[in-house]
$ cat run_4.cif   # mmCIF, C-alpha atoms and all ligand atoms
data_coords
loop_
_atom_site.label_atom_id
_atom_site.label_comp_id
_atom_site.auth_asym_id
_atom_site.auth_seq_id
_atom_site.Cartn_x
_atom_site.Cartn_y
_atom_site.Cartn_z
CA MET A 1087 64.79 76.44 46.94
CA PRO A 1088 64.18 77.12 43.28
CA ILE A 1089 64.16 80.79 42.74
CA ASP A 1090 64.01 81.96 39.27
CA PRO A 1091 64.35 81.18 35.63
CA LEU A 1092 67.30 79.86 33.82
CA PRO A 1093 67.26 82.51 31.14
CA PRO A 1094 67.66 81.25 27.59
CA GLU A 1095 69.28 84.54 26.70
CA ARG A 1096 71.60 86.47 28.93
CA PRO A 1097 70.24 89.99 29.33
CA GLU A 1098 72.76 92.66 28.61
CA ALA A 1099 74.87 93.22 31.70
CA GLY A 1100 75.62 96.69 32.98
CA GLU A 1101 72.61 98.41 31.46
CA PRO A 1102 70.85 100.93 33.67
CA LEU A 1103 67.53 100.01 35.21
CA PRO A 1104 64.44 101.06 33.26
CA PRO A 1105 62.79 104.25 34.55
CA VAL A 1106 60.02 104.52 37.11
CA GLU A 1107 56.93 104.92 34.91
CA GLU A 1108 53.24 105.66 35.26
CA VAL A 1109 51.84 102.88 33.07
CA ARG A 1110 48.16 103.86 33.59
CA PRO A 1111 46.78 106.81 35.52
CA GLY A 1112 47.54 105.99 39.16
CA LEU A 1113 49.48 102.80 38.41
CA TRP A 1114 53.27 102.88 38.56
CA SER A 1115 56.04 100.49 37.57
CA ILE A 1116 59.14 100.65 39.81
CA PRO A 1117 62.24 98.58 38.91
CA VAL A 1118 64.09 97.25 41.96
CA PRO A 1119 67.54 95.69 41.42
CA ILE A 1120 68.38 92.02 42.03
CA PRO A 1121 72.17 92.06 41.79
CA ASP A 1122 74.23 89.07 40.63
CA ASN A 1123 71.20 87.71 38.81
CA PRO A 1124 70.70 87.76 35.04
CA LEU A 1125 67.15 89.01 35.54
CA ARG A 1126 68.71 92.27 36.91
CA TYR A 1127 65.52 93.71 38.42
CA VAL A 1128 62.02 92.97 39.59
CA LEU A 1129 59.20 95.30 38.60
CA VAL A 1130 57.19 96.42 41.62
CA TYR A 1131 53.78 97.89 40.72
CA ALA A 1132 52.20 100.59 42.88
CA PHE A 1133 48.46 101.35 42.82
CA GLU A 1134 47.42 104.80 44.00
CA SER A 1135 44.38 104.97 46.28
CA PRO A 1136 42.74 107.55 48.57
CA ARG A 1137 44.13 105.63 51.55
CA GLY A 1138 47.69 105.40 50.22
CA PRO A 1139 49.54 103.16 47.78
CA TYR A 1140 49.26 99.40 47.49
CA ILE A 1141 52.16 97.53 45.93
CA VAL A 1142 52.43 94.24 44.08
CA ASP A 1143 55.69 92.47 45.02
CA ALA A 1144 58.49 94.14 46.92
CA GLY A 1145 61.97 93.10 45.73
CA TRP A 1146 64.49 91.16 47.77
CA ASN A 1147 65.88 92.09 51.12
CA THR A 1148 69.08 94.04 50.51
CA ASP A 1149 69.75 97.65 51.45
CA ASP A 1150 70.30 98.53 47.81
CA ALA A 1151 66.91 97.11 46.81
CA TRP A 1152 65.24 98.80 49.79
CA HIS A 1153 66.64 102.24 48.96
CA THR A 1154 65.71 101.85 45.30
CA LEU A 1155 62.16 100.87 46.26
CA VAL A 1156 61.83 103.85 48.62
CA ALA A 1157 63.25 106.23 45.99
CA GLY A 1158 61.00 104.74 43.28
CA LEU A 1159 57.92 105.20 45.44
CA ALA A 1160 59.01 108.81 46.06
CA THR A 1161 59.34 109.40 42.30
CA ALA A 1162 55.75 108.19 41.99
CA GLY A 1163 54.74 110.61 44.74
CA PHE A 1164 54.43 108.10 47.60
CA GLU A 1165 56.03 107.64 51.00
CA VAL A 1166 56.90 104.09 51.96
CA ALA A 1167 55.35 104.80 55.37
CA ASP A 1168 51.97 105.27 53.63
CA VAL A 1169 51.91 101.87 51.89
CA GLN A 1170 48.67 100.10 52.86
CA GLY A 1171 49.14 96.64 51.43
CA VAL A 1172 51.80 94.43 49.78
CA LEU A 1173 50.29 91.87 47.42
CA VAL A 1174 52.99 89.28 46.85
CA THR A 1175 52.67 87.14 43.74
CA HIS A 1176 54.78 84.29 45.15
CA ILE A 1177 57.26 83.13 47.74
CA HIS A 1178 60.53 83.72 45.88
CA PRO A 1179 63.00 86.13 47.52
CA ASP A 1180 62.88 88.73 44.74
CA HIS A 1181 59.13 89.09 45.34
CA TYR A 1182 58.53 88.31 49.02
CA GLY A 1183 61.92 89.33 50.44
CA LEU A 1184 61.24 92.98 51.29
CA ALA A 1185 57.53 92.62 52.07
CA PRO A 1186 57.97 92.20 55.85
CA ARG A 1187 60.28 95.23 55.89
CA VAL A 1188 57.69 97.37 54.10
CA ARG A 1189 55.16 96.24 56.73
CA GLU A 1190 57.55 97.21 59.51
CA GLU A 1191 57.90 100.73 58.08
CA SER A 1192 54.27 101.30 57.23
CA GLY A 1193 51.92 98.91 59.01
CA ALA A 1194 50.77 97.60 55.60
CA TRP A 1195 49.28 94.13 55.37
CA VAL A 1196 51.18 91.49 53.39
CA SER A 1197 49.29 88.92 51.34
CA LEU A 1198 50.26 85.59 49.80
CA HIS A 1199 48.43 82.51 48.54
CA PRO A 1200 48.13 79.85 51.27
CA ALA A 1201 49.98 77.22 49.19
CA ASP A 1202 53.08 79.45 49.26
CA ALA A 1203 52.53 80.74 52.81
CA GLU A 1204 52.75 77.23 54.20
CA LEU A 1205 56.21 76.76 52.65
CA LEU A 1206 57.83 79.79 54.30
CA GLU A 1207 58.93 78.10 57.51
CA HIS A 1208 60.87 75.24 55.94
CA ARG A 1209 62.25 77.35 53.13
CA TYR A 1210 63.52 80.38 55.02
CA GLU A 1211 63.51 79.59 58.75
CA ASP A 1212 64.24 75.98 59.66
CA THR A 1213 65.72 74.56 56.47
CA THR A 1214 67.19 71.31 57.85
CA ALA A 1215 64.43 69.01 56.63
CA LEU A 1216 64.29 70.69 53.25
CA MET A 1217 68.05 70.32 52.74
CA VAL A 1218 67.79 66.59 53.49
CA ALA A 1219 64.96 66.28 50.98
CA VAL A 1220 66.88 68.20 48.30
CA ASP A 1221 69.92 65.98 48.85
CA ALA A 1222 67.75 62.87 48.42
CA MET A 1223 66.11 64.30 45.31
CA LEU A 1224 69.48 65.03 43.69
CA ARG A 1225 70.71 61.49 44.40
CA ARG A 1226 67.53 59.96 43.05
CA HIS A 1227 67.87 61.97 39.85
CA GLY A 1228 71.46 61.09 39.15
CA ALA A 1229 73.59 64.02 40.36
CA PRO A 1230 77.22 62.87 40.75
CA ALA A 1231 78.22 62.36 44.38
CA GLU A 1232 80.85 65.11 44.27
CA GLU A 1233 78.31 67.72 43.18
CA ILE A 1234 75.51 66.95 45.61
CA SER A 1235 76.51 68.99 48.66
CA GLY A 1236 77.36 72.05 46.57
CA LEU A 1237 74.05 71.88 44.72
CA THR A 1238 72.10 71.27 47.93
CA GLU A 1239 73.65 74.32 49.58
CA ALA A 1240 73.42 76.55 46.51
CA SER A 1241 70.19 78.13 47.75
CA LEU A 1242 71.33 78.95 51.30
CA PRO A 1243 72.67 82.45 50.49
CA MET A 1244 69.14 83.37 49.40
CA ILE A 1245 67.79 83.03 52.91
CA SER A 1246 69.30 86.33 54.03
CA ARG A 1247 67.48 88.01 51.17
CA VAL A 1248 64.11 87.34 52.75
CA ALA A 1249 63.13 89.44 55.77
CA PRO A 1250 61.50 87.21 58.37
CA GLY A 1251 57.74 87.38 58.70
CA ARG A 1252 54.47 85.73 57.71
CA PRO A 1253 51.65 87.14 55.59
CA ASP A 1254 48.67 88.81 57.27
CA VAL A 1255 46.20 88.05 54.49
CA LEU A 1256 45.79 84.82 52.52
CA LEU A 1257 44.44 85.32 49.00
CA GLU A 1258 42.84 82.47 47.12
CA ASP A 1259 41.71 82.13 43.54
CA GLY A 1260 39.01 84.69 42.72
CA ASP A 1261 39.55 86.77 45.87
CA LYS A 1262 39.36 90.52 45.47
CA PRO A 1263 42.03 92.17 47.58
CA ASP A 1264 40.98 95.36 49.34
CA VAL A 1265 42.58 98.00 47.11
CA PRO A 1266 40.17 100.98 46.96
CA GLY A 1267 39.37 102.25 43.49
CA TRP A 1268 40.79 99.20 41.72
CA ASP A 1269 38.90 96.08 40.71
CA LEU A 1270 41.73 93.63 41.33
CA GLN A 1271 41.15 89.92 41.27
CA ALA A 1272 43.56 87.17 42.36
CA VAL A 1273 44.08 84.43 39.76
CA TRP A 1274 45.75 81.32 41.15
CA THR A 1275 48.37 80.14 38.67
CA PRO A 1276 50.35 77.29 40.26
CA GLY A 1277 53.46 76.04 38.45
CA HIS A 1278 56.38 78.42 38.95
CA SER A 1279 55.49 78.09 42.63
CA PRO A 1280 52.56 76.17 44.15
CA GLY A 1281 50.82 79.35 45.30
CA HIS A 1282 51.71 81.72 42.47
CA LEU A 1283 49.10 84.45 41.96
CA CYS A 1284 48.51 86.75 39.02
CA PHE A 1285 46.31 89.82 39.49
CA TYR A 1286 43.71 90.69 36.87
CA GLU A 1287 42.35 94.23 36.51
CA PRO A 1288 39.37 93.99 34.13
CA ALA A 1289 38.58 97.74 33.96
CA ASN A 1290 41.94 98.41 32.25
CA ARG A 1291 42.21 94.87 30.82
CA LEU A 1292 45.54 94.40 32.57
CA LEU A 1293 47.16 91.26 33.90
CA LEU A 1294 49.91 91.54 36.49
CA SER A 1295 51.54 88.25 35.65
CA GLY A 1296 54.28 87.93 38.28
CA ASP A 1297 56.74 85.29 37.06
CA HIS A 1298 54.00 83.16 35.48
CA VAL A 1299 54.28 84.77 32.04
CA LEU A 1300 57.36 86.81 31.06
CA PRO A 1301 57.90 88.30 27.61
CA ARG A 1302 61.28 86.78 26.69
CA ILE A 1303 62.48 84.17 29.12
CA THR A 1304 60.77 80.98 30.12
CA PRO A 1305 59.89 80.86 33.82
CA ASN A 1306 61.73 78.12 35.65
CA ILE A 1307 59.31 75.30 36.45
CA SER A 1308 61.18 72.95 38.75
CA TYR A 1309 60.31 69.70 40.39
CA HIS A 1310 61.64 69.80 43.97
CA PRO A 1311 60.51 68.81 47.47
CA GLN A 1312 58.18 71.83 47.81
CA ALA A 1313 56.86 71.90 44.24
CA GLY A 1314 53.87 69.55 44.43
CA PRO A 1315 53.50 66.33 42.40
CA ASP A 1316 53.38 67.79 38.87
CA PRO A 1317 54.45 71.46 38.74
CA LEU A 1318 54.77 71.54 34.94
CA GLY A 1319 51.31 70.04 34.43
CA ALA A 1320 49.99 72.70 36.81
CA PHE A 1321 51.89 75.42 34.97
CA LEU A 1322 50.53 74.41 31.56
CA ALA A 1323 46.98 74.39 32.96
CA SER A 1324 47.62 77.82 34.50
CA LEU A 1325 48.79 79.09 31.10
CA ASP A 1326 45.53 77.93 29.56
CA ARG A 1327 43.65 79.85 32.23
CA VAL A 1328 45.36 83.20 31.80
CA GLY A 1329 45.27 82.80 28.03
CA GLN A 1330 41.46 83.12 28.27
CA LEU A 1331 41.52 86.48 30.06
CA LEU A 1332 40.71 89.57 28.03
CA THR A 1333 43.86 91.68 28.22
CA ASP A 1334 45.23 94.73 26.46
CA GLU A 1335 48.55 94.55 28.24
CA VAL A 1336 50.50 92.28 30.56
CA LEU A 1337 52.60 93.72 33.39
CA PRO A 1338 55.16 91.05 34.30
CA ALA A 1339 57.48 91.05 37.32
CA HIS A 1340 60.63 90.98 35.14
CA GLU A 1341 61.74 92.28 31.74
CA HIS A 1342 59.09 94.55 30.20
CA ARG A 1343 55.37 95.05 29.50
CA PHE A 1344 53.88 93.32 26.48
CA ARG A 1345 50.57 93.02 24.66
CA ASP A 1346 49.95 89.67 23.01
CA LEU A 1347 49.18 87.37 25.93
CA PRO A 1348 47.62 84.52 23.91
CA GLY A 1349 50.63 84.60 21.56
CA ARG A 1350 53.09 84.42 24.44
CA VAL A 1351 51.12 81.62 26.09
CA ALA A 1352 51.28 79.65 22.84
CA GLN A 1353 55.06 80.17 22.63
CA LEU A 1354 55.58 78.93 26.19
CA GLN A 1355 53.41 75.89 25.55
CA ALA A 1356 55.35 75.13 22.37
CA HIS A 1357 58.64 75.44 24.28
CA HIS A 1358 57.56 72.78 26.75
CA GLU A 1359 56.23 70.49 24.02
CA ALA A 1360 59.65 70.74 22.34
CA ARG A 1361 61.28 69.87 25.67
CA PHE A 1362 59.04 66.80 25.95
CA SER A 1363 60.27 65.70 22.53
CA GLU A 1364 63.89 66.28 23.54
CA ALA A 1365 63.41 64.18 26.68
CA LEU A 1366 61.82 61.31 24.75
CA ALA A 1367 64.60 61.43 22.13
CA ALA A 1368 67.25 61.25 24.85
CA ILE A 1369 65.56 58.23 26.45
CA ALA A 1370 65.31 56.55 23.04
CA ASP A 1371 69.09 57.08 22.78
CA GLY A 1372 69.65 55.36 26.11
CA ILE A 1373 70.16 58.47 28.22
CA ASP A 1374 67.57 57.77 30.87
CA THR A 1375 68.47 59.59 34.10
CA ALA A 1376 67.24 63.10 34.76
CA TRP A 1377 70.84 64.28 35.17
CA GLY A 1378 71.83 62.80 31.84
CA ILE A 1379 68.81 64.26 30.08
CA ALA A 1380 69.47 67.69 31.62
CA GLY A 1381 72.94 67.57 30.12
CA ARG A 1382 71.45 66.83 26.70
CA PHE A 1383 68.80 69.54 26.73
CA THR A 1384 69.41 72.70 24.74
CA TRP A 1385 70.13 75.49 27.23
CA SER A 1386 71.08 79.11 26.74
CA ARG A 1387 74.74 78.22 27.31
CA PRO A 1388 76.84 75.05 27.44
CA TRP A 1389 75.97 72.67 30.28
CA GLU A 1390 79.48 73.04 31.75
CA GLN A 1391 78.83 76.75 32.26
CA ILE A 1392 75.57 76.13 34.12
CA THR A 1393 76.70 75.83 37.71
CA GLY A 1394 75.47 76.18 41.29
CA PHE A 1395 71.88 77.18 41.70
CA MET A 1396 71.31 77.43 37.94
CA ARG A 1397 72.38 73.80 37.56
CA ARG A 1398 70.04 72.69 40.30
CA ALA A 1399 67.20 74.62 38.69
CA ALA A 1400 68.02 72.98 35.34
CA VAL A 1401 67.85 69.51 36.87
CA GLY A 1402 64.59 70.41 38.62
CA GLU A 1403 63.21 71.63 35.34
CA THR A 1404 64.20 68.38 33.64
CA VAL A 1405 62.52 66.29 36.33
CA ALA A 1406 59.41 68.48 35.99
CA HIS A 1407 59.19 67.45 32.32
CA LEU A 1408 59.69 63.77 33.14
CA ARG A 1409 57.01 63.93 35.87
CA ALA A 1410 54.56 65.61 33.52
CA LEU A 1411 55.15 62.86 30.95
CA GLU A 1412 54.61 60.29 33.70
CA VAL A 1413 51.27 61.92 34.63
CA ARG A 1414 50.31 61.87 30.92
CA GLY A 1415 50.99 58.13 30.89
CA VAL A 1416 53.95 58.42 28.50
CA LEU A 1417 56.86 57.58 30.83
CA ARG A 1418 57.41 55.72 34.06
CA GLU A 1419 60.16 56.04 36.63
CA ARG A 1420 62.09 52.95 37.68
CA VAL A 1421 62.89 54.31 41.12
CA GLY A 1422 66.47 53.87 42.24
CA GLN A 1423 69.73 55.64 42.96
CA PRO A 1424 69.52 56.94 40.37
CA SER A 1425 66.08 56.46 38.89
CA HIS A 1426 65.83 55.41 35.26
CA TRP A 1427 63.02 56.62 33.03
CA GLU A 1428 61.41 54.43 30.41
CA PRO A 1429 58.36 54.37 28.13
CA ALA A 1430 55.27 53.54 30.20
CA GLU A 1431 54.27 50.53 28.11
CA SER A 1432 57.67 48.86 27.85
ZN ZN B 1501 59.91 83.45 40.92
ZN ZN B 1502 61.06 86.58 40.03
#
$ encode --input "run_4.cif" --output "structure tokens"
Amino acid sequence: MPIDPLPPERPEAGEPLPPVEEVRPGLWSIPVPIPDNPLRYVLVYAFESPRGPYIVDAGWNTDDAWHTLVAGLATAGFEVADVQGVLVTHIHPDHYGLAPRVREESGAWVSLHPADAELLEHRYEDTTALMVAVDAMLRRHGAPAEEISGLTEASLPMISRVAPGRPDVLLEDGDKPDVPGWDLQAVWTPGHSPGHLCFYEPANRLLLSGDHVLPRITPNISYHPQAGPDPLGAFLASLDRVGQLLTDEVLPAHEHRFRDLPGRVAQLQAHHEARFSEALAAIADGIDTAWGIAGRFTWSRPWEQITGFMRRAAVGETVAHLRALEVRGVLRERVGQPSHWEPAES
């Protein structure tokens, strides 16, 4: 269950959350904490409407996050019981986790893209088959035997951070969610998750970018059993798409608002191109398993300090690069235990 980015820089620990802010008339940004995670908080956005507020993302399911969300809505002048809709950008616990609880308190609908909705059951309810598939994936990609069970189970604590429940509304690319007074449009941006949605608001030239585009860190794009055949290829195509939108400002789900979307898209694309070069250089040096290549990549901290879920995400990210190069016809996988990667024409 890949959750979130492996941050290249560690955000400063112990800083207070940013304030609740009105970022446009009737549109509020509400930080909700995600403890024990370097991202520190998710930014929930609340849209005022004559019917009551609509929120984008909800935070994860802990009492601390819940109380902060309720207090943040109150600062903005809203009651949680009046929330009409929860537009969730993607399936990860820091976004979807509290959505069913908001619905319970308010009767709001909860929306998600169908490609993420169909993953809920095996990710958060009956995880047996998924755990078997993750175990097999780690073996195939060269994880040492003694690390496999720990890495496979690293995501299990996350399950309690997602309140049980399915979405009421499925939003597809181009759909306009029913948020009175706002011209919101769903933009399907698969990559970070198969059903990731951004929300575009053309009247204010705003993009609510979820985890698809963040201002400082690179979203984690992992290959894993629920990621689809080529998540990084999908992500790069999704970057091209949002890079075309006319925006004055981007409202991401983590970190802070920023203005230059095309510039940030170009940086993220360059980061992945550099990663492709690193992978090819490693293979040329005879390091040809995903595990070995992950250990050679430049991360924000030494490989030995990347443990548990972060390590699994790093391996998934490495495989995502190898898969994308396979789809481009550059590499091929000699499938085995572990698989070895080699130039496609050798
Ligand atoms: Zn995420
Ligand atoms: Zn997130």
$ atom_distance --input "run_4.cif" --atom1 "atom CA of Val1351 of chain A" --atom2 "atom CA of Asn1306 of chain A"
14.7 Å
$ residues_near_ligand --input "run_4.cif" --ligand "ligand ZN 1501 (chain B)" --cutoff "10 Å" --atoms "only C-alpha atoms and all ligand atoms" --output "PDB file with C-alpha atoms, in the frame of the given file"
ATOM      1  CA  PRO A1088      64.180  77.120  43.280  1.00  0.00           C
ATOM      2  CA  ILE A1089      64.160  80.790  42.740  1.00  0.00           C
ATOM      3  CA  ASP A1090      64.010  81.960  39.270  1.00  0.00           C
ATOM      4  CA  PRO A1091      64.350  81.180  35.630  1.00  0.00           C
ATOM      5  CA  VAL A1128      62.020  92.970  39.590  1.00  0.00           C
ATOM      6  CA  THR A1175      52.670  87.140  43.740  1.00  0.00           C
ATOM      7  CA  HIS A1176      54.780  84.290  45.150  1.00  0.00           C
ATOM      8  CA  ILE A1177      57.260  83.130  47.740  1.00  0.00           C
ATOM      9  CA  HIS A1178      60.530  83.720  45.880  1.00  0.00           C
ATOM     10  CA  PRO A1179      63.000  86.130  47.520  1.00  0.00           C
ATOM     11  CA  ASP A1180      62.880  88.730  44.740  1.00  0.00           C
ATOM     12  CA  HIS A1181      59.130  89.090  45.340  1.00  0.00           C
ATOM     13  CA  TYR A1182      58.530  88.310  49.020  1.00  0.00           C
ATOM     14  CA  HIS A1278      56.380  78.420  38.950  1.00  0.00           C
ATOM     15  CA  SER A1279      55.490  78.090  42.630  1.00  0.00           C
ATOM     16  CA  HIS A1282      51.710  81.720  42.470  1.00  0.00           C
ATOM     17  CA  GLY A1296      54.280  87.930  38.280  1.00  0.00           C
ATOM     18  CA  ASP A1297      56.740  85.290  37.060  1.00  0.00           C
ATOM     19  CA  HIS A1298      54.000  83.160  35.480  1.00  0.00           C
ATOM     20  CA  PRO A1305      59.890  80.860  33.820  1.00  0.00           C
ATOM     21  CA  ASN A1306      61.730  78.120  35.650  1.00  0.00           C
ATOM     22  CA  ILE A1307      59.310  75.300  36.450  1.00  0.00           C
ATOM     23  CA  ALA A1339      57.480  91.050  37.320  1.00  0.00           C
ATOM     24  CA  HIS A1340      60.630  90.980  35.140  1.00  0.00           C
TER      25      HIS A1340
END
$ residues_around --input "run_4.cif" --residues "Asp1150 of chain A" --least-positions-apart "6" --cutoff "10 Å" --atoms "all atoms listed in the file" --output "JSON, numbers by chain"
{"A": [1118, 1119, 1120, 1121]}
$ closest_residue --input "run_4.cif" --among "A:Val1401, A:Ala1203, A:Val1172, A:Val1109" --to "Trp1389 of chain A" --atoms "all atoms listed in the file"
A:Val1401
$ atom_distance --input "run_4.cif" --atom1 "atom CA of Gly1236 of chain A" --atom2 "atom CA of Ile1373 of chain A"
23.9 Å
$ atom_distance --input "run_4.cif" --atom1 "atom CA of Ala1231 of chain A" --atom2 "atom CA of Gln1423 of chain A"
10.9 Å
$ residues_around --input "run_4.cif" --residues "Gly1314 of chain A" --least-positions-apart "5" --cutoff "12 Å" --atoms "only C-alpha atoms" --output "number ranges by chain"
A: 1201-1202, 1205, 1276-1281, 1307-1309, 1319-1321, 1406, 1409-1410
$ closest_residue --input "run_4.cif" --among "A:Tyr1127, A:Phe1383, A:Trp1114, A:Trp1274" --to "ligand ZN 1502 (chain B)" --atoms "only C-alpha atoms and all ligand atoms"
A:Tyr1127
$ closest_residue --input "run_4.cif" --among "A:Met1217, A:Leu1325, A:Leu1103, A:Leu1125" --to "ligand ZN 1502 (chain B)" --atoms "only C-alpha atoms and all ligand atoms"
A:Leu1125
$ axis_aligned_box --input "run_4.cif" --around "segment 1252-1268 of chain A" --padding-each-side "5 Å" --output "lines of an AutoDock Vina configuration file"
center_x = 46.7
center_y = 92.2
center_z = 49.7
size_x = 25.5
size_y = 30.1
size_z = 26.0
$ closest_residue --input "run_4.cif" --among "A:Ala1313, A:Ala1185, A:Val1416, A:Ala1376" --to "Gly1228 of chain A" --atoms "all atoms listed in the file"
A:Ala1376
$ decode --input "run_4.cif" --residues "segment 1090-1169 of chain A" --atoms "C-alpha atoms" --output "short mmCIF file (atom, residue, chain, number, x, y, z; two decimals), in the first residue's frame"
data_model
loop_
_atom_site.label_atom_id
_atom_site.label_comp_id
_atom_site.auth_asym_id
_atom_site.auth_seq_id
_atom_site.Cartn_x
_atom_site.Cartn_y
_atom_site.Cartn_z
CA ASP A 1090 3.11 8.95 0.09
CA PRO A 1091 6.30 10.47 -1.13
CA LEU A 1092 9.77 9.73 -0.04
CA PRO A 1093 10.69 13.33 0.56
CA PRO A 1094 14.04 14.42 -0.84
CA GLU A 1095 14.29 16.95 1.95
CA ARG A 1096 13.14 16.40 5.48
CA PRO A 1097 10.72 19.16 6.41
CA GLU A 1098 11.58 20.87 9.63
CA ALA A 1099 10.21 18.84 12.50
CA GLY A 1100 8.31 20.44 15.34
CA GLU A 1101 7.12 23.49 13.43
CA PRO A 1102 3.54 24.55 14.06
CA LEU A 1103 0.95 23.87 11.39
CA PRO A 1104 0.31 26.70 8.93
CA PRO A 1105 -2.79 28.78 9.72
CA VAL A 1106 -6.30 28.23 8.43
CA GLU A 1107 -6.50 30.73 5.56
CA GLU A 1108 -9.06 32.11 3.14
CA VAL A 1109 -7.11 31.75 -0.10
CA ARG A 1110 -9.87 33.21 -2.33
CA PRO A 1111 -13.21 34.65 -1.27
CA GLY A 1112 -15.18 31.64 -0.04
CA LEU A 1113 -12.32 29.15 -0.44
CA TRP A 1114 -10.40 28.04 2.64
CA SER A 1115 -7.22 26.07 3.26
CA ILE A 1116 -7.27 23.96 6.44
CA PRO A 1117 -4.11 22.08 7.52
CA VAL A 1118 -4.84 18.73 9.17
CA PRO A 1119 -1.96 16.91 10.89
CA ILE A 1120 -0.52 13.56 9.77
CA PRO A 1121 1.71 12.66 12.72
CA ASP A 1122 4.86 10.54 12.39
CA ASN A 1123 5.10 11.48 8.73
CA PRO A 1124 7.61 13.93 7.26
CA LEU A 1125 4.82 15.57 5.27
CA ARG A 1126 3.37 16.74 8.65
CA TYR A 1127 -0.05 17.81 7.35
CA VAL A 1128 -2.53 17.54 4.53
CA LEU A 1129 -4.24 20.68 3.26
CA VAL A 1130 -8.01 20.27 3.17
CA TYR A 1131 -9.77 22.88 1.00
CA ALA A 1132 -13.29 24.04 1.84
CA PHE A 1133 -15.58 25.71 -0.73
CA GLU A 1134 -18.37 27.86 0.65
CA SER A 1135 -21.78 27.48 -0.99
CA PRO A 1136 -25.38 28.49 -0.23
CA ARG A 1137 -26.09 24.87 0.72
CA GLY A 1138 -23.08 24.49 3.02
CA PRO A 1139 -19.39 23.77 2.56
CA TYR A 1140 -17.85 21.21 0.23
CA ILE A 1141 -14.38 19.94 1.06
CA VAL A 1142 -11.57 18.51 -1.04
CA ASP A 1143 -9.80 15.70 0.86
CA ALA A 1144 -10.35 15.01 4.53
CA GLY A 1145 -7.17 13.96 6.37
CA TRP A 1146 -6.55 10.57 7.92
CA ASN A 1147 -8.65 8.86 10.50
CA THR A 1148 -7.22 9.77 13.90
CA ASP A 1149 -8.98 11.71 16.65
CA ASP A 1150 -6.32 14.41 16.48
CA ALA A 1151 -6.86 14.90 12.75
CA TRP A 1152 -10.64 14.85 13.22
CA HIS A 1153 -10.61 17.52 15.93
CA THR A 1154 -8.25 19.69 13.90
CA LEU A 1155 -10.50 19.39 10.85
CA VAL A 1156 -13.60 20.28 12.89
CA ALA A 1157 -11.81 23.24 14.52
CA GLY A 1158 -10.44 24.40 11.14
CA LEU A 1159 -13.90 24.32 9.59
CA ALA A 1160 -15.18 26.33 12.57
CA THR A 1161 -12.44 28.94 12.04
CA ALA A 1162 -13.69 29.24 8.46
CA GLY A 1163 -17.22 29.68 9.78
CA PHE A 1164 -18.53 26.18 9.03
CA GLU A 1165 -20.01 23.33 11.05
CA VAL A 1166 -18.85 19.86 10.10
CA ALA A 1167 -22.51 18.77 10.26
CA ASP A 1168 -23.23 21.13 7.33
CA VAL A 1169 -20.65 19.65 4.94
#
